[in-house]
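Okay, structure first, notes after.
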Amino acid sequence: LYAPVSDLEGRLLGTGYSSTINISFALPAGVSSAKIVPDIYGLLVPRQERGVIAAFAFESRKCRAYVPKGELLNVMLCGTAGKRLMDASEDSVLSEVLPEIERYLPRFERNIEFVHFSRWREAEPRSPVGRSRDLHLYRQQWCPQMRVILAGDYMGIPCTEGAAESGEWAAAMLAVDTGTVWK
């Protein structure tokens, strides 16, 4: 829909994305705390220690009101595994994921009430070397005569908050151009 007008815009618009699969497990009896400190919400698994799991999120520890009983555990696959398993059956994915979960949460499988899969081909923008410089340069060079302003998850830190921040920046730039006060 938009042809970049500069190499800089082309690089930013060409931002690649990492794939992932998020698997939510409902666990009526909660999770074992044998290897996980009880007050931790999120756990990133170091690359050298993982097979397919990049992170865990214990939703009750984020907000008990969201999970009044037991635990809702979200397991996020690393980008390599997410891409490789994107079109695999749920059983195939679970055959790789469950043994890895058991390393951290013994007897985990006995406690599963249900499982929900969310597959994201374009989950998170990749950040190659130089991307931060390009983002900074774009913001410094943008002017109202450019007719298009780039914003979104690929135009800031690679997450929802980055998308919101870049949208606020874009709105502020447009407001300055029109004389509107932006808060």
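For the structure tokens, the naming scheme is as follows: chains receive sequential letters (A, B, ...) according to their order of presentation, residues are indexed from 1 within each chain, and ligands are indexed from 1 in presentation order.
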Contacts of region 70-168 of chain A with region 28-51 of chain A up to 8 Å, shortest pair per row, only C-alpha atoms, as JSON lines:
{"residue": "A:Gly70", "atom": "CA", "partner": "A:Gly30", "partner_atom": "CA", "distance": 4.0}
{"residue": "A:Glu71", "atom": "CA", "partner": "A:Gly30", "partner_atom": "CA", "distance": 4.6}
{"residue": "A:Leu72", "atom": "CA", "partner": "A:Gly30", "partner_atom": "CA", "distance": 7.9}
{"residue": "A:Glu100", "atom": "CA", "partner": "A:Gly51", "partner_atom": "CA", "distance": 7.1}
{"residue": "A:Tyr104", "atom": "CA", "partner": "A:Lys35", "partner_atom": "CA", "distance": 5.9}
{"residue": "A:Leu105", "atom": "CA", "partner": "A:Ser32", "partner_atom": "CA", "distance": 5.7}
{"residue": "A:Pro106", "atom": "CA", "partner": "A:Ser32", "partner_atom": "CA", "distance": 6.7}
{"residue": "A:Arg107", "atom": "CA", "partner": "A:Ser32", "partner_atom": "CA", "distance": 7.9}
{"residue": "A:Phe108", "atom": "CA", "partner": "A:Val31", "partner_atom": "CA", "distance": 7.0}
{"residue": "A:Asn111", "atom": "CA", "partner": "A:Ala29", "partner_atom": "CA", "distance": 6.5}
{"residue": "A:Ile112", "atom": "CA", "partner": "A:Pro28", "partner_atom": "CA", "distance": 7.4}
{"residue": "A:Glu113", "atom": "CA", "partner": "A:Pro28", "partner_atom": "CA", "distance": 6.7}
Convert the current residue selection to file output with N, CA, C and O atoms, as a short mmCIF file (atom, residue, chain, number, x, y, z; two decimals), in the first residue's frame.
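And here is the file that came out, again_18.cif:
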data_model
loop_
_atom_site.label_atom_id
_atom_site.label_comp_id
_atom_site.auth_asym_id
_atom_site.auth_seq_id
_atom_site.Cartn_x
_atom_site.Cartn_y
_atom_site.Cartn_z
N GLY A 70 -6.36 -22.16 41.23
CA GLY A 70 -5.38 -22.88 40.42
C GLY A 70 -4.42 -21.95 39.71
O GLY A 70 -4.04 -20.91 40.24
N GLU A 71 -4.08 -22.31 38.48
CA GLU A 71 -3.12 -21.53 37.70
C GLU A 71 -3.48 -21.58 36.23
O GLU A 71 -4.00 -22.58 35.74
N LEU A 72 -3.23 -20.48 35.54
CA LEU A 72 -3.25 -20.44 34.09
C LEU A 72 -1.82 -20.18 33.69
O LEU A 72 -1.28 -19.10 33.95
N GLU A 100 9.70 -30.83 28.35
CA GLU A 100 10.50 -29.67 28.77
C GLU A 100 9.86 -28.97 29.96
O GLU A 100 10.55 -28.56 30.90
N TYR A 104 10.89 -28.29 34.70
CA TYR A 104 10.71 -27.15 35.61
C TYR A 104 9.57 -27.38 36.61
O TYR A 104 9.63 -26.88 37.73
N LEU A 105 8.55 -28.07 36.15
CA LEU A 105 7.34 -28.27 36.97
C LEU A 105 7.02 -29.76 37.03
O LEU A 105 6.20 -30.25 36.24
N PRO A 106 7.63 -30.49 37.94
CA PRO A 106 7.40 -31.93 38.03
C PRO A 106 5.91 -32.27 38.20
O PRO A 106 5.17 -31.54 38.84
N ARG A 107 5.50 -33.35 37.59
CA ARG A 107 4.11 -33.85 37.64
C ARG A 107 3.11 -32.88 37.01
O ARG A 107 1.92 -32.93 37.29
N PHE A 108 3.60 -32.02 36.17
CA PHE A 108 2.78 -31.01 35.51
C PHE A 108 1.62 -31.64 34.73
O PHE A 108 0.48 -31.20 34.84
N ASN A 111 -2.02 -32.54 35.97
CA ASN A 111 -2.87 -31.47 36.48
C ASN A 111 -3.53 -30.63 35.39
O ASN A 111 -4.12 -29.60 35.67
N ILE A 112 -3.46 -31.03 34.15
CA ILE A 112 -3.99 -30.21 33.05
C ILE A 112 -5.49 -30.44 32.88
O ILE A 112 -5.94 -31.55 32.66
N GLU A 113 -6.25 -29.34 32.98
CA GLU A 113 -7.70 -29.42 32.72
C GLU A 113 -7.98 -29.20 31.24
O GLU A 113 -8.77 -29.90 30.64
#
Which of region 29-158 of chain A end up as alpha helix (DSSP H) when DSSP is run on this backbone - answer as number ranges by chain?
A: 59-62, 79-85, 90-104, 131-141
Generate a file of the selected residues that holds N, CA and C atoms, formatted as an mmCIF file, in the first residue's frame.
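The resulting file, again_27.cif, is shown below:
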data_model
loop_
_atom_site.group_PDB
_atom_site.id
_atom_site.type_symbol
_atom_site.label_atom_id
_atom_site.label_comp_id
_atom_site.auth_asym_id
_atom_site.auth_seq_id
_atom_site.Cartn_x
_atom_site.Cartn_y
_atom_site.Cartn_z
ATOM 1 N N GLU A 59 -0.088 -16.628 35.253
ATOM 2 C CA GLU A 59 -1.081 -15.553 35.221
ATOM 3 C C GLU A 59 -1.652 -15.211 36.593
ATOM 4 N N SER A 60 -1.767 -16.177 37.498
ATOM 5 C CA SER A 60 -2.306 -15.859 38.827
ATOM 6 C C SER A 60 -1.372 -14.934 39.590
ATOM 7 N N ARG A 61 -0.104 -14.997 39.273
ATOM 8 C CA ARG A 61 0.877 -14.166 39.970
ATOM 9 C C ARG A 61 0.891 -12.747 39.406
ATOM 10 N N LYS A 62 0.360 -12.608 38.223
ATOM 11 C CA LYS A 62 0.195 -11.273 37.644
ATOM 12 C C LYS A 62 -1.003 -10.598 38.302
ATOM 13 N N GLY A 79 11.457 -18.518 18.887
ATOM 14 C CA GLY A 79 11.177 -18.232 17.477
ATOM 15 C C GLY A 79 11.494 -19.384 16.548
ATOM 16 N N THR A 80 12.586 -20.085 16.791
ATOM 17 C CA THR A 80 12.960 -21.216 15.932
ATOM 18 C C THR A 80 11.918 -22.319 16.028
ATOM 19 N N ALA A 81 11.541 -22.673 17.251
ATOM 20 C CA ALA A 81 10.536 -23.719 17.443
ATOM 21 C C ALA A 81 9.169 -23.255 16.941
ATOM 22 N N GLY A 82 8.836 -21.989 17.190
ATOM 23 C CA GLY A 82 7.560 -21.461 16.718
ATOM 24 C C GLY A 82 7.426 -21.573 15.213
ATOM 25 N N LYS A 83 8.478 -21.227 14.517
ATOM 26 C CA LYS A 83 8.459 -21.313 13.048
ATOM 27 C C LYS A 83 8.378 -22.763 12.589
ATOM 28 N N ARG A 84 9.179 -23.621 13.193
ATOM 29 C CA ARG A 84 9.234 -25.038 12.791
ATOM 30 C C ARG A 84 7.917 -25.763 13.083
ATOM 31 N N LEU A 85 7.270 -25.430 14.185
ATOM 32 C CA LEU A 85 6.070 -26.147 14.608
ATOM 33 C C LEU A 85 4.769 -25.427 14.255
ATOM 34 N N GLU A 90 -1.409 -30.156 17.269
ATOM 35 C CA GLU A 90 -1.263 -29.839 18.687
ATOM 36 C C GLU A 90 -0.556 -30.985 19.418
ATOM 37 N N ASP A 91 -0.882 -32.221 19.061
ATOM 38 C CA ASP A 91 -0.222 -33.366 19.694
ATOM 39 C C ASP A 91 1.280 -33.372 19.426
ATOM 40 N N SER A 92 1.682 -33.027 18.209
ATOM 41 C CA SER A 92 3.113 -32.970 17.880
ATOM 42 C C SER A 92 3.823 -31.893 18.690
ATOM 43 N N VAL A 93 3.186 -30.745 18.804
ATOM 44 C CA VAL A 93 3.780 -29.654 19.582
ATOM 45 C C VAL A 93 3.902 -30.066 21.045
ATOM 46 N N LEU A 94 2.828 -30.616 21.589
ATOM 47 C CA LEU A 94 2.839 -31.026 22.994
ATOM 48 C C LEU A 94 3.869 -32.123 23.268
ATOM 49 N N SER A 95 4.136 -32.967 22.277
ATOM 50 C CA SER A 95 5.132 -34.027 22.493
ATOM 51 C C SER A 95 6.526 -33.459 22.727
ATOM 52 N N GLU A 96 6.782 -32.250 22.236
ATOM 53 C CA GLU A 96 8.067 -31.585 22.482
ATOM 54 C C GLU A 96 8.016 -30.678 23.710
ATOM 55 N N VAL A 97 6.869 -30.060 23.944
ATOM 56 C CA VAL A 97 6.743 -29.071 25.006
ATOM 57 C C VAL A 97 6.601 -29.712 26.386
ATOM 58 N N LEU A 98 5.758 -30.714 26.509
ATOM 59 C CA LEU A 98 5.470 -31.281 27.834
ATOM 60 C C LEU A 98 6.699 -31.837 28.552
ATOM 61 N N PRO A 99 7.578 -32.590 27.889
ATOM 62 C CA PRO A 99 8.771 -33.056 28.615
ATOM 63 C C PRO A 99 9.655 -31.909 29.110
ATOM 64 N N GLU A 100 9.702 -30.830 28.346
ATOM 65 C CA GLU A 100 10.505 -29.674 28.767
ATOM 66 C C GLU A 100 9.856 -28.974 29.963
ATOM 67 N N ILE A 101 8.544 -28.859 29.969
ATOM 68 C CA ILE A 101 7.854 -28.267 31.116
ATOM 69 C C ILE A 101 8.110 -29.103 32.368
ATOM 70 N N GLU A 102 8.073 -30.414 32.211
ATOM 71 C CA GLU A 102 8.266 -31.319 33.358
ATOM 72 C C GLU A 102 9.620 -31.097 34.037
ATOM 73 N N ARG A 103 10.618 -30.631 33.307
ATOM 74 C CA ARG A 103 11.926 -30.337 33.918
ATOM 75 C C ARG A 103 11.812 -29.228 34.960
ATOM 76 N N TYR A 104 10.894 -28.286 34.704
ATOM 77 C CA TYR A 104 10.714 -27.150 35.609
ATOM 78 C C TYR A 104 9.575 -27.376 36.606
ATOM 79 N N ARG A 131 19.125 -1.348 14.013
ATOM 80 C CA ARG A 131 17.712 -0.982 13.989
ATOM 81 C C ARG A 131 17.413 0.224 14.885
ATOM 82 N N SER A 132 17.977 0.252 16.076
ATOM 83 C CA SER A 132 17.745 1.395 16.980
ATOM 84 C C SER A 132 18.234 2.690 16.358
ATOM 85 N N ARG A 133 19.381 2.627 15.678
ATOM 86 C CA ARG A 133 19.908 3.817 14.992
ATOM 87 C C ARG A 133 18.925 4.265 13.913
ATOM 88 N N ASP A 134 18.393 3.300 13.143
ATOM 89 C CA ASP A 134 17.433 3.649 12.090
ATOM 90 C C ASP A 134 16.164 4.258 12.667
ATOM 91 N N LEU A 135 15.679 3.720 13.779
ATOM 92 C CA LEU A 135 14.478 4.280 14.414
ATOM 93 C C LEU A 135 14.722 5.719 14.851
ATOM 94 N N HIS A 136 15.862 5.950 15.480
ATOM 95 C CA HIS A 136 16.214 7.303 15.929
ATOM 96 C C HIS A 136 16.332 8.247 14.732
ATOM 97 N N LEU A 137 17.020 7.815 13.698
ATOM 98 C CA LEU A 137 17.211 8.635 12.504
ATOM 99 C C LEU A 137 15.867 8.960 11.845
ATOM 100 N N TYR A 138 14.974 7.975 11.767
ATOM 101 C CA TYR A 138 13.663 8.214 11.172
ATOM 102 C C TYR A 138 12.920 9.307 11.939
ATOM 103 N N ARG A 139 12.925 9.211 13.254
ATOM 104 C CA ARG A 139 12.213 10.209 14.058
ATOM 105 C C ARG A 139 12.841 11.595 13.904
ATOM 106 N N GLN A 140 14.151 11.639 13.765
ATOM 107 C CA GLN A 140 14.827 12.931 13.584
ATOM 108 C C GLN A 140 14.524 13.524 12.210
ATOM 109 N N GLN A 141 14.373 12.685 11.200
ATOM 110 C CA GLN A 141 14.190 13.154 9.826
ATOM 111 C C GLN A 141 12.738 13.395 9.438
#
If you measure from CA of Ala88 (chain A) to CA of Gly14 (chain A), what distance in Å do you get, rounded to one decimal?
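Calculated distance between CA of Ala88 (chain A) and CA of Gly14 (chain A) is 27.1 Å.
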Spatial neighbours of region 16-24 of chain A, max dist 6 Å, only C-alpha atoms, sep filter under 2 positions, as a PyMOL selection string
chain A and resi 73-77+79+82-83+115-126
Within region 8-172 of chain A, find each residue whose DSSP state, derived from the backbone, is strand (DSSP E), and express the selection as an MDAnalysis selection string.
chainID A and resid 17:27 42:44 53:58 71:77 114:125
Coordinates-based distance that separates CA of Thr160 (chain A) from CA of Val176 (chain A) (Å, one decimal)
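Here the two named atoms are 24.4 Å from each other.
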